[in-house]
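Colleague: Below is start34.txt; it holds compact mmCIF, C-alpha atoms.
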# COMPACT_ATOMS: atom_id res chain seq x y z
CA MET I 17 72.90 152.13 116.05
CA SER I 18 69.93 150.95 118.07
CA ASP I 19 67.75 147.86 118.10
CA GLU I 20 65.93 145.99 120.83
CA LEU I 21 66.35 142.79 122.81
CA PHE I 22 64.56 140.79 125.47
CA ILE I 23 66.14 139.27 128.57
CA ASP I 24 64.14 136.28 129.79
CA GLY I 25 61.09 137.70 128.07
CA PHE I 26 61.52 141.09 129.75
CA GLY I 27 61.56 144.05 127.42
CA PRO I 28 61.92 145.22 124.81
CA LEU I 29 65.12 146.94 125.91
CA PRO I 30 66.60 149.47 123.47
CA VAL I 31 70.20 148.54 122.61
CA ARG I 32 72.85 151.25 122.64
CA ARG I 33 76.34 150.66 121.25
CA PRO I 34 78.88 153.09 122.73
CA ASN I 35 82.20 153.40 120.90
CA THR I 36 84.16 154.86 123.83
CA VAL I 37 84.25 154.57 127.60
CA ALA I 38 83.17 158.22 127.80
CA GLU I 39 79.99 157.30 125.93
CA VAL I 40 79.34 154.48 128.41
CA CYS I 41 79.71 156.97 131.26
CA ASP I 42 77.24 159.34 129.61
CA LEU I 43 74.71 156.55 129.10
CA VAL I 44 74.94 155.43 132.74
CA ARG I 45 74.38 158.96 134.01
CA GLU I 46 71.45 159.39 131.63
CA VAL I 47 69.77 156.16 132.67
CA ARG I 48 70.31 156.67 136.39
CA THR I 49 68.75 160.13 136.17
CA ALA I 50 65.73 158.56 134.47
CA GLY I 51 65.42 156.00 137.28
CA GLN I 52 65.91 153.07 134.94
CA GLY I 53 68.35 150.16 134.60
CA VAL I 54 71.51 149.48 132.62
CA TYR I 55 71.85 145.95 131.23
CA PRO I 56 75.41 145.31 129.96
CA VAL I 57 75.54 142.81 127.09
CA GLY I 58 78.34 141.45 124.93
CA GLY I 59 78.01 138.35 122.78
CA ARG I 60 74.63 137.56 124.41
CA THR I 61 75.68 133.98 125.19
CA THR I 62 74.56 134.02 128.86
CA LEU I 63 71.47 136.22 128.79
CA ASP I 64 69.39 133.35 130.18
CA LEU I 65 71.52 133.22 133.32
CA GLY I 66 70.05 134.72 136.50
CA ASN I 67 66.68 136.11 137.48
CA VAL I 68 64.29 138.11 135.31
CA PRO I 69 65.04 141.88 135.24
CA THR I 70 62.90 144.04 137.48
CA LYS I 71 62.76 147.46 135.83
CA PRO I 72 62.91 149.02 132.36
CA GLY I 73 66.08 150.48 130.95
CA ILE I 74 68.58 150.04 128.14
CA ALA I 75 70.97 147.30 127.05
CA VAL I 76 74.55 148.58 126.64
CA ASP I 77 76.34 146.54 123.97
CA THR I 78 80.08 146.65 124.75
CA ARG I 79 81.38 144.92 121.62
CA SER I 80 82.75 148.13 120.11
CA LEU I 81 85.09 148.40 123.10
CA ASN I 82 87.36 145.65 121.79
CA GLY I 83 90.85 147.13 121.61
CA VAL I 84 94.14 145.71 122.85
CA ILE I 85 95.61 148.30 125.21
CA GLU I 86 98.94 146.62 125.96
CA HIS I 87 100.40 143.16 125.51
CA ALA I 88 103.51 142.86 127.66
CA ALA I 89 104.55 139.49 126.28
CA ARG I 90 107.75 139.23 128.34
CA ASP I 91 105.80 139.85 131.53
CA MET I 92 103.07 137.51 130.30
CA THR I 93 100.31 140.07 130.89
CA ILE I 94 97.79 141.65 128.56
CA THR I 95 95.36 144.55 128.95
CA VAL I 96 92.33 144.58 126.68
CA GLN I 97 88.94 146.21 126.48
CA ALA I 98 86.06 144.10 127.74
CA GLY I 99 84.21 143.82 124.43
CA ILE I 100 86.91 141.72 122.77
CA THR I 101 85.81 138.16 121.98
CA LEU I 102 87.63 135.22 123.51
CA ALA I 103 88.56 134.03 120.01
CA GLU I 104 90.16 137.36 119.13
CA LEU I 105 91.99 137.45 122.46
CA ALA I 106 93.31 133.95 121.76
CA LYS I 107 94.54 135.07 118.35
CA VAL I 108 96.44 138.01 119.83
CA LEU I 109 98.07 135.81 122.47
CA ALA I 110 98.90 133.04 119.99
CA ALA I 111 101.15 135.44 118.10
CA GLU I 112 103.47 135.26 121.14
CA ASN I 113 102.84 131.55 121.76
CA GLN I 114 100.73 132.40 124.80
CA TRP I 115 97.18 131.67 125.88
CA LEU I 116 94.53 132.15 128.55
CA PRO I 117 93.71 128.58 129.65
CA ILE I 118 90.06 129.14 130.50
CA ASP I 119 87.41 127.30 128.51
CA VAL I 120 84.57 129.55 127.39
CA PRO I 121 81.87 128.09 125.11
CA ASN I 122 81.20 129.97 121.86
CA PRO I 123 84.53 131.90 121.93
CA GLU I 124 83.84 133.46 118.52
CA THR I 125 80.86 135.24 120.07
CA ALA I 126 81.45 135.44 123.82
CA THR I 127 83.16 138.60 125.06
CA LEU I 128 85.76 138.78 127.80
CA GLY I 129 83.69 141.17 129.92
CA GLY I 130 80.66 138.90 129.76
CA ALA I 131 82.71 135.80 130.56
CA VAL I 132 84.24 137.53 133.59
CA ALA I 133 80.86 138.85 134.77
CA ALA I 134 79.37 135.34 134.55
CA ASN I 135 82.61 133.73 135.82
CA VAL I 136 82.52 131.19 133.01
CA SER I 137 84.90 128.27 133.30
CA GLY I 138 85.20 124.81 131.84
CA PRO I 139 87.11 121.52 131.97
CA ARG I 140 90.54 123.10 132.49
CA ARG I 141 89.56 124.75 135.78
CA LEU I 142 90.93 121.59 137.48
CA GLY I 143 94.48 122.21 136.29
CA HIS I 144 94.49 125.92 135.50
CA GLY I 145 91.90 127.60 137.71
CA THR I 146 89.25 130.22 136.89
CA PHE I 147 89.15 133.90 135.96
CA ARG I 148 89.76 134.86 139.59
CA ASP I 149 93.24 133.36 139.22
CA TYR I 150 94.14 135.46 136.16
CA ILE I 151 92.67 138.93 136.55
CA LEU I 152 95.29 141.45 137.69
CA GLY I 153 93.34 144.63 137.03
CA ILE I 154 89.88 145.76 136.07
CA SER I 155 88.16 148.98 134.99
CA PHE I 156 84.44 149.58 135.21
CA VAL I 157 81.90 152.38 135.04
CA THR I 158 80.14 153.10 138.35
CA ASP I 159 76.58 154.29 138.93
CA ASP I 160 77.94 157.86 138.96
CA GLY I 161 79.03 157.44 135.35
CA VAL I 162 82.73 157.44 136.26
CA GLU I 163 85.33 154.88 135.19
CA VAL I 164 87.10 153.34 138.17
CA LYS I 165 90.24 151.21 138.01
CA GLY I 166 91.25 148.45 140.39
CA GLY I 167 94.43 146.36 140.54
CA GLY I 168 97.25 146.95 138.10
CA ARG I 169 99.37 145.51 135.31
CA VAL I 170 101.85 143.54 137.39
CA VAL I 171 101.56 140.04 138.77
CA LYS I 172 102.40 141.11 142.35
CA ASN I 173 99.78 143.65 143.36
CA VAL I 174 98.56 143.85 146.95
CA ALA I 175 97.40 147.46 147.29
CA GLY I 176 93.75 148.47 147.60
CA TYR I 177 90.48 146.56 147.51
CA ASP I 178 90.20 143.40 145.43
CA LEU I 179 87.69 144.81 142.97
CA MET I 180 88.75 142.16 140.43
CA LYS I 181 87.29 139.30 142.44
CA LEU I 182 84.27 141.37 143.43
CA HIS I 183 83.24 141.86 139.80
CA THR I 184 84.07 138.31 138.73
CA GLY I 185 80.78 136.47 138.84
CA ALA I 186 78.74 139.55 139.82
CA LEU I 187 76.78 139.27 136.55
CA GLY I 188 77.32 142.92 135.74
CA THR I 189 75.31 144.07 138.76
CA LEU I 190 78.04 146.31 140.18
CA GLY I 191 79.03 148.26 137.05
CA VAL I 192 79.85 148.01 133.37
CA ILE I 193 83.23 146.28 132.94
CA THR I 194 85.25 148.21 130.36
CA GLN I 195 88.81 146.87 130.60
CA VAL I 196 90.62 143.84 132.03
CA THR I 197 94.30 143.07 132.68
CA LEU I 198 95.15 139.38 132.68
CA LYS I 199 98.15 137.26 133.38
CA VAL I 200 98.61 134.60 130.72
CA LYS I 201 100.64 131.43 130.23
CA PRO I 202 102.92 129.96 127.57
CA LYS I 203 101.12 127.54 125.29
CA PRO I 204 101.75 123.90 126.22
CA GLU I 205 104.30 122.05 124.17
CA ALA I 206 102.19 118.90 123.89
CA THR I 207 98.77 117.52 124.74
CA GLY I 208 97.36 114.10 125.46
CA LEU I 209 93.80 112.90 125.89
CA VAL I 210 92.92 109.51 127.40
CA THR I 211 89.28 108.41 127.09
CA PHE I 212 87.52 105.22 128.15
CA GLY I 213 84.07 103.89 128.94
CA VAL I 214 82.89 102.61 132.28
CA GLY I 215 79.72 100.92 133.51
CA GLY I 216 77.31 102.70 135.82
CA ALA I 217 78.24 100.89 139.03
CA ALA I 218 81.96 101.35 138.40
CA LEU I 219 81.87 105.14 137.98
CA GLY I 220 82.50 105.94 141.66
CA PRO I 221 85.49 103.58 142.11
CA THR I 222 86.88 104.73 138.76
CA LEU I 223 86.81 108.38 139.79
CA ASP I 224 88.33 107.48 143.18
CA ARG I 225 91.17 105.77 141.33
CA LEU I 226 91.64 108.87 139.17
CA HIS I 227 91.77 111.14 142.22
CA ALA I 228 94.52 108.92 143.66
CA SER I 229 96.48 108.75 140.39
CA GLU I 230 100.11 109.82 140.25
CA SER I 231 99.28 111.58 136.99
CA ARG I 232 98.00 115.14 137.12
CA PRO I 233 95.41 115.79 134.41
CA VAL I 234 94.32 119.36 133.78
CA ALA I 235 90.80 118.09 133.08
CA VAL I 236 88.76 115.06 134.11
CA GLU I 237 85.44 115.00 132.29
CA VAL I 238 82.55 112.60 132.63
CA SER I 239 79.54 112.35 130.32
CA ARG I 240 76.60 109.99 130.16
CA SER I 241 76.73 107.49 127.30
CA ALA I 242 74.35 104.86 125.91
CA ASP I 243 75.94 102.08 127.95
CA GLY I 244 77.23 103.89 131.02
CA TRP I 245 79.70 106.73 131.21
CA LEU I 246 82.53 108.17 129.13
CA VAL I 247 85.55 109.49 131.02
CA ALA I 248 88.12 111.83 129.43
CA CYS I 249 91.41 112.85 131.04
CA GLY I 250 93.38 115.69 129.44
CA PHE I 251 97.08 116.48 129.86
CA GLU I 252 99.03 119.58 128.75
CA GLU I 253 102.71 120.19 129.45
CA LYS I 254 106.13 119.51 128.00
CA ALA I 255 106.13 116.55 125.62
CA ALA I 256 108.10 114.29 127.97
CA THR I 257 105.80 115.14 130.87
CA VAL I 258 102.66 114.45 128.87
CA ASN I 259 104.07 111.13 127.66
CA TRP I 260 104.93 110.08 131.22
CA GLN I 261 101.50 111.03 132.56
CA VAL I 262 99.61 109.27 129.77
CA GLU I 263 101.63 106.07 130.22
CA THR I 264 101.28 106.27 134.01
CA LEU I 265 97.52 106.58 133.77
CA LYS I 266 97.30 103.68 131.31
CA ALA I 267 99.37 101.49 133.63
CA GLU I 268 97.26 102.40 136.66
CA PHE I 269 94.09 101.42 134.81
CA ALA I 270 95.46 98.27 133.21
CA GLY I 271 93.33 96.04 135.45
CA ALA I 272 90.43 98.42 135.98
CA PRO I 273 86.88 97.66 134.71
CA VAL I 274 87.10 100.15 131.83
CA ARG I 275 86.60 99.60 128.12
CA GLY I 276 87.55 101.12 124.79
CA THR I 277 90.55 103.06 126.04
CA THR I 278 91.87 105.48 123.40
CA VAL I 279 94.80 107.88 123.50
CA THR I 280 95.08 110.99 121.36
CA ARG I 281 98.46 112.74 121.35
CA ASP I 282 99.44 116.13 120.02
CA GLY I 283 96.08 116.77 118.47
CA GLY I 284 96.34 120.41 119.38
CA VAL I 285 94.61 121.79 122.44
CA PHE I 286 91.83 119.32 123.14
CA ASP I 287 88.35 120.75 122.85
CA LEU I 288 85.98 119.88 125.68
CA THR I 289 84.16 123.23 125.74
CA ALA I 290 80.80 122.40 124.19
CA GLY I 291 77.86 124.30 125.63
CA PRO I 292 74.57 122.76 126.75
CA PRO I 293 72.64 120.65 124.23
CA PRO I 294 70.35 122.88 122.15
CA VAL I 295 67.36 120.65 122.93
CA ALA I 296 67.73 121.10 126.69
CA ALA I 297 65.28 123.68 128.01
CA VAL I 298 66.48 123.29 131.60
CA THR I 299 70.08 123.20 132.81
CA LEU I 300 71.01 122.59 136.43
CA LYS I 301 74.51 123.10 137.82
CA VAL I 302 75.40 121.04 140.88
CA ASN I 303 78.39 122.01 143.01
CA THR I 304 79.62 119.21 145.23
CA THR I 305 82.88 117.59 146.30
CA PRO I 306 84.90 115.60 143.73
CA SER I 307 84.14 112.46 145.74
CA GLY I 308 80.41 113.17 145.42
CA VAL I 309 80.32 113.49 141.63
CA ALA I 310 79.45 109.85 140.93
CA VAL I 311 76.48 109.86 143.31
CA ILE I 312 75.11 113.10 141.83
CA ALA I 313 75.68 111.95 138.24
CA GLN I 314 73.93 108.62 138.81
CA ALA I 315 70.98 110.31 140.50
CA ALA I 316 70.74 112.90 137.73
CA ALA I 317 70.72 110.18 135.07
CA GLY I 318 67.74 108.61 136.81
CA LEU I 319 65.66 111.77 136.64
CA ASN I 320 64.65 111.32 133.02
CA PRO I 321 65.56 108.94 130.17
CA ASP I 322 66.50 111.95 128.03
CA ALA I 323 68.62 113.63 130.70
CA VAL I 324 72.03 114.73 129.41
CA VAL I 325 74.54 114.57 132.27
CA SER I 326 78.16 115.77 132.21
CA ALA I 327 80.67 116.70 134.87
CA HIS I 328 83.94 118.48 135.54
CA ALA I 329 84.62 115.53 137.80
CA GLY I 330 87.89 116.74 139.28
CA SER I 331 86.29 120.04 140.29
CA GLY I 332 83.07 118.64 141.73
CA ILE I 333 80.72 120.21 139.17
CA VAL I 334 77.88 118.33 137.50
CA PHE I 335 75.63 119.70 134.74
CA VAL I 336 72.18 118.22 134.23
CA HIS I 337 70.23 119.08 131.07
CA LEU I 338 66.53 118.20 131.20
CA PRO I 339 63.60 118.52 128.77
CA GLU I 340 60.88 121.11 129.35
CA GLU I 341 58.28 118.36 129.11
CA MET I 342 59.11 117.34 132.69
CA GLY I 343 57.23 120.42 133.89
CA VAL I 344 58.13 122.89 136.58
CA GLU I 345 56.89 120.74 139.49
CA ARG I 346 59.05 117.74 138.54
CA ILE I 347 62.02 120.00 137.89
CA SER I 348 61.53 121.57 141.31
CA SER I 349 61.48 118.11 142.87
CA ALA I 350 64.65 117.21 140.94
CA VAL I 351 66.41 120.28 142.32
CA ALA I 352 65.38 119.36 145.85
CA GLU I 353 66.51 115.75 145.39
CA LEU I 354 69.93 116.75 144.05
CA THR I 355 70.36 119.40 146.74
CA LYS I 356 69.95 116.74 149.45
CA LEU I 357 72.77 114.73 147.86
CA THR I 358 75.30 117.59 147.76
CA ALA I 359 77.89 118.16 150.43
CA ALA I 360 77.17 120.60 153.26
CA ASN I 361 78.61 123.48 151.27
CA GLY I 362 77.24 122.26 147.94
CA ASN I 363 74.53 123.91 145.91
CA VAL I 364 72.21 123.41 142.95
CA THR I 365 71.57 126.40 140.71
CA VAL I 366 69.25 126.68 137.74
CA ARG I 367 71.39 127.92 134.86
CA ARG I 368 68.63 127.80 132.27
CA CYS I 369 64.87 127.36 132.29
CA PRO I 370 61.74 128.95 130.81
CA SER I 371 61.54 132.50 132.17
CA GLY I 372 58.14 131.93 133.79
CA TRP I 373 59.58 129.16 135.94
CA LYS I 374 62.10 131.47 137.61
CA LYS I 375 59.44 132.68 140.03
CA VAL I 376 59.17 129.12 141.36
CA LEU I 377 62.61 127.57 141.01
CA PRO I 378 65.61 128.52 143.21
CA VAL I 379 67.65 130.10 140.40
CA TRP I 380 70.67 130.71 142.63
CA GLY I 381 70.11 127.68 144.83
CA LYS I 382 69.78 127.54 148.59
CA ASP I 383 70.67 130.49 150.79
CA ARG I 384 74.04 129.64 152.31
CA GLY I 385 74.19 132.73 154.52
CA ASP I 386 75.96 134.99 152.04
CA ARG I 387 72.91 136.57 150.40
CA GLU I 388 72.65 139.48 152.82
CA LEU I 389 76.36 140.21 152.41
CA MET I 390 75.85 140.31 148.64
CA ARG I 391 72.87 142.63 149.05
CA THR I 392 74.95 144.93 151.24
CA VAL I 393 77.69 145.12 148.60
CA LYS I 394 75.06 145.88 145.96
CA ARG I 395 73.45 148.62 148.06
CA THR I 396 76.85 150.15 148.78
CA LEU I 397 78.17 150.23 145.22
CA ASP I 398 74.85 150.66 143.39
CA PRO I 399 72.28 152.15 145.81
CA ASP I 400 69.82 153.06 143.05
CA ASP I 401 69.93 149.54 141.58
CA VAL I 402 71.07 150.74 138.16
CA PHE I 403 73.04 147.72 136.92
CA ASN I 404 71.21 144.53 135.91
CA PRO I 405 68.48 145.16 138.52
CA GLY I 406 67.02 141.99 139.97
CA ARG I 407 69.16 139.49 138.06
CA LEU I 408 71.51 138.43 140.86
CA VAL I 409 70.08 139.46 144.27
Step by step, read the file and then write its structure as structure tokens.
Modeller:
Amino acid sequence: MSDELFIDGFGPLPVRRPNTVAEVCDLVREVRTAGQGVYPVGGRTTLDLGNVPTKPGIAVDTRSLNGVIEHAARDMTITVQAGITLAELAKVLAAENQWLPIDVPNPETATLGGAVAANVSGPRRLGHGTFRDYILGISFVTDDGVEVKGGGRVVKNVAGYDLMKLHTGALGTLGVITQVTLKVKPKPEATGLVTFGVGGAALGPTLDRLHASESRPVAVEVSRSADGWLVACGFEEKAATVNWQVETLKAEFAGAPVRGTTVTRDGGVFDLTAGPPPVAAVTLKVNTTPSGVAVIAQAAAGLNPDAVVSAHAGSGIVFVHLPEEMGVERISSAVAELTKLTAANGNVTVRRCPSGWKKVLPVWGKDRGDRELMRTVKRTLDPDDVFNPGRLV
């Protein structure tokens, strides 16, 4: 089958749907010989991430590569092809009361390979980490049209180069990911979610109190509300542990300036994985320290009355969703303002915006000295710039 798609207005790119890894290898060799680019796509949930492509080519749809290679339930590892959706992966793991505790929006559509390439994570990264903490092995097709394997299927694996971390977050610019081996976890016995409202001025002290809490939430989420901020703290563990942590947090906040405290117990795995609001044309991601979240969130809320602001507060990540009506100049000023407020090693990236604005806005944020290293890795592994040309560096 073949159709066409556009990436940030670039295209049309013919879509090819290989059914085997061998077919992927053939396609890569064919495209490289033609001097064009290979654009790996899965569920197409993050196509607006990164820069605009720089040369014509084909989109390689990996969704037919969706098989389960091996599920070693006793070892708590699973090897699957990269085109499997996160929802299907969750279903396979649930049969053994296991799960991959990484929040990926649109799991019914998003593929594992795409989520790894974009290094997608969500609220639970505070307590459970990111893809880099779970990938044991990876297979990918190189620019020579050869499948290469890195890592293995065991938890302790120290031999060779860490190709798993190299491809995580590389946005498919170093090869087409075809297979991933993951370590997984047992599903939690119980869950608890504590939510409460807080006024604008009290957000900073409230988050400081949370950071000092004896409880250990796996997620601390903040979102802008009509009268201030809504804070949600999620717990997952054994039932007795969850009960203790919920009661501990309630006791610690008994005299705090919070309102409308609610507790939800055993409601299943709490869902805090919503993607950006559909009305937001621009999404900024601010990386800062956990102690800097309140300052960033308050500043972001002041950028526009319609700004939608949310944060993985325990991880120091703030998302700012802004309307297109602000215009590229005001958005550029907003990026500069937020960048000044981040910590020394912080950054502000533009996760979504009209494609024409990407020539003006710092899509990947300020240069922190690692760009040339990234370019060197790209030139070494993909000297002809075959994979996702232009989208990362």
Colleague: So which residues are close to (83.0, 153.1, 133.8), meaning at most 7 Å away in the file's coordinates with all atoms listed in the file counted, and can you show them as a VMD selection string?
Modeller: chain I and resid 37 40 to 41 155 to 158 161 to 164 192 to 194
Colleague: Check the smallest atom-to-atom distance from each of I:Gly406, I:Ile23, I:Ala350, I:Ser371 to Leu63 in chain I using only C-alpha atoms, then report the winner.
Modeller: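 Selected residue with least distance to Leu63 in chain I: I:Ile23.
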Colleague: Ranking I:Val68, I:Cys369, I:Ala126, I:Ala206 by minimum distance to Ala256 in chain I and counting only C-alpha atoms, which one comes first?
Modeller: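 Ranking I:Val68, I:Cys369, I:Ala126, I:Ala206 by distance to Ala256 in chain I, first place goes to I:Ala206.
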Colleague: Skip Pro139 in chain I itself and residues of its chain fewer than 5 positions away, then list as a tab-separated table (two decimals) with C-alpha atoms, in the frame of the given file all residues within 10 Å of it, counting only C-alpha atoms.
Modeller:
chain	number	residue	atom	x	y	z
I	117	PRO	CA	93.71	128.58	129.65
I	118	ILE	CA	90.06	129.14	130.50
I	119	ASP	CA	87.41	127.30	128.51
I	120	VAL	CA	84.57	129.55	127.39
I	144	HIS	CA	94.49	125.92	135.50
I	145	GLY	CA	91.90	127.60	137.71
I	234	VAL	CA	94.32	119.36	133.78
I	235	ALA	CA	90.80	118.09	133.08
I	236	VAL	CA	88.76	115.06	134.11
I	237	GLU	CA	85.44	115.00	132.29
I	249	CYS	CA	91.41	112.85	131.04
I	250	GLY	CA	93.38	115.69	129.44
I	287	ASP	CA	88.35	120.75	122.85
I	288	LEU	CA	85.98	119.88	125.68
I	289	THR	CA	84.16	123.23	125.74
I	327	ALA	CA	80.67	116.70	134.87
I	328	HIS	CA	83.94	118.48	135.54
I	329	ALA	CA	84.62	115.53	137.80
I	330	GLY	CA	87.89	116.74	139.28
I	331	SER	CA	86.29	120.04	140.29
I	333	ILE	CA	80.72	120.21	139.17
Colleague: Between I:Gln114, I:Gln195, I:Thr61, I:Thr396, single out the one closest to Ala131 in chain I, counting only C-alpha atoms.
Modeller: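 Closest to Ala131 in chain I, using only C-alpha atoms: I:Thr61.
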Colleague: Do you know which residues are at most 9 Å from range 296-312 of chain I counting all atoms listed in the file, after dropping those on the same chain fewer than 2 positions away, and could you put them as number ranges by chain?
Modeller: I: 219-221, 223-224, 227, 292-294, 314-317, 323-324, 327-341, 347, 351, 354-355, 357-370
Colleague: Let me make sure I understand: among I:Gly216, I:Gly168, I:Pro69, I:Pro202, which one has the smallest atom-to-atom distance to Lys375 in chain I if we use all atoms listed in the file?
Modeller: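 Of I:Gly216, I:Gly168, I:Pro69, I:Pro202, the one nearest Lys375 in chain I is I:Pro69, counting all atoms listed in the file.
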Colleague: Let me make sure I understand: among I:Asn135, I:Thr70, I:Thr62, I:Thr127, which one has the smallest atom-to-atom distance to Asp401 in chain I if we use all atoms listed in the file?
Modeller: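 Smallest separation from Asp401 in chain I among the options: I:Thr70.
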Colleague: Up to 7 Å from (73.7, 150.9, 139.4) in the file's coordinates: name the residues, counting all atoms listed in the file, as a PyMOL selection string.
Modeller: chain I and resi 158-159+190-191+398-403
Colleague: In Å to one decimal, how far is CA of Val379 in chain I from CA of Arg32 in chain I?
Modeller: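 Value for the CA of Arg32 in chain I-CA of Val379 in chain I distance: 28.1 Å.
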Colleague: How far is it from CA of Ala38 in chain I to CA of Arg60 in chain I, in Å with one decimal?
Modeller: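 Between CA of Ala38 in chain I and CA of Arg60 in chain I the gap is 22.6 Å.
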Colleague: Give the answer as one residue: which of I:Ala352, I:Val196, I:Val57, I:Leu397 has the shortest atom-to-atom distance to Arg33 in chain I, using only C-alpha atoms?
Modeller: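 With only C-alpha atoms as the atom set, the closest residue is I:Val57.
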Colleague: Please compute the CA of Thr277 in chain I-CA of Gly208 in chain I distance, one decimal, in Å.
Modeller: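 Separation of CA of Thr277 in chain I and CA of Gly208 in chain I: 13.0 Å.
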Colleague: Can you list, as a ChimeraX atom specification, every protein, DNA or RNA residue that comes within 10 Å of range 78-87 of chain I when you count all atoms listed in the file, leaving out same-chain residues fewer than 2 positions away?
Modeller: /I:32-37,40,56-59,75-76,89-101,104-105,108-109,112,125-130,169,192-198
Colleague: Using only the atoms of range 183-191 of chain I listed in the file, plus 4 Å on each side, state the axis-aligned box centre and edge lengths in Å rounded to one decimal, as lines of an AutoDock Vina configuration file.
Modeller:
center_x = 79.7
center_y = 142.4
center_z = 138.0
size_x = 16.8
size_y = 19.8
size_z = 12.4
Colleague: With all atoms listed in the file as the counted atoms, please give the residues lying no more than 6 Å from Val238 in chain I, apart from itself and same-chain residues fewer than 4 positions off, as a PDB file with C-alpha atoms, in the coordinates of the input.
Modeller:
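Final file, part_34.pdb:
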ATOM      1  CA  LEU I 246      82.530 108.170 129.130  1.00  0.00           C
ATOM      2  CA  VAL I 247      85.550 109.490 131.020  1.00  0.00           C
ATOM      3  CA  SER I 326      78.160 115.770 132.210  1.00  0.00           C
ATOM      4  CA  ALA I 327      80.670 116.700 134.870  1.00  0.00           C
TER       5      ALA I 327
END
Colleague: Could you name the residues that touch Ala186 in chain I at 8 Å or less, counting only C-alpha atoms, but leaving out those on the same chain fewer than 3 positions away, as a list of chain:residue names?
Modeller: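 Here the answer would be I:Ala133, I:Ala134, I:Leu182, I:His183, I:Thr189, I:Leu190, I:Leu408.
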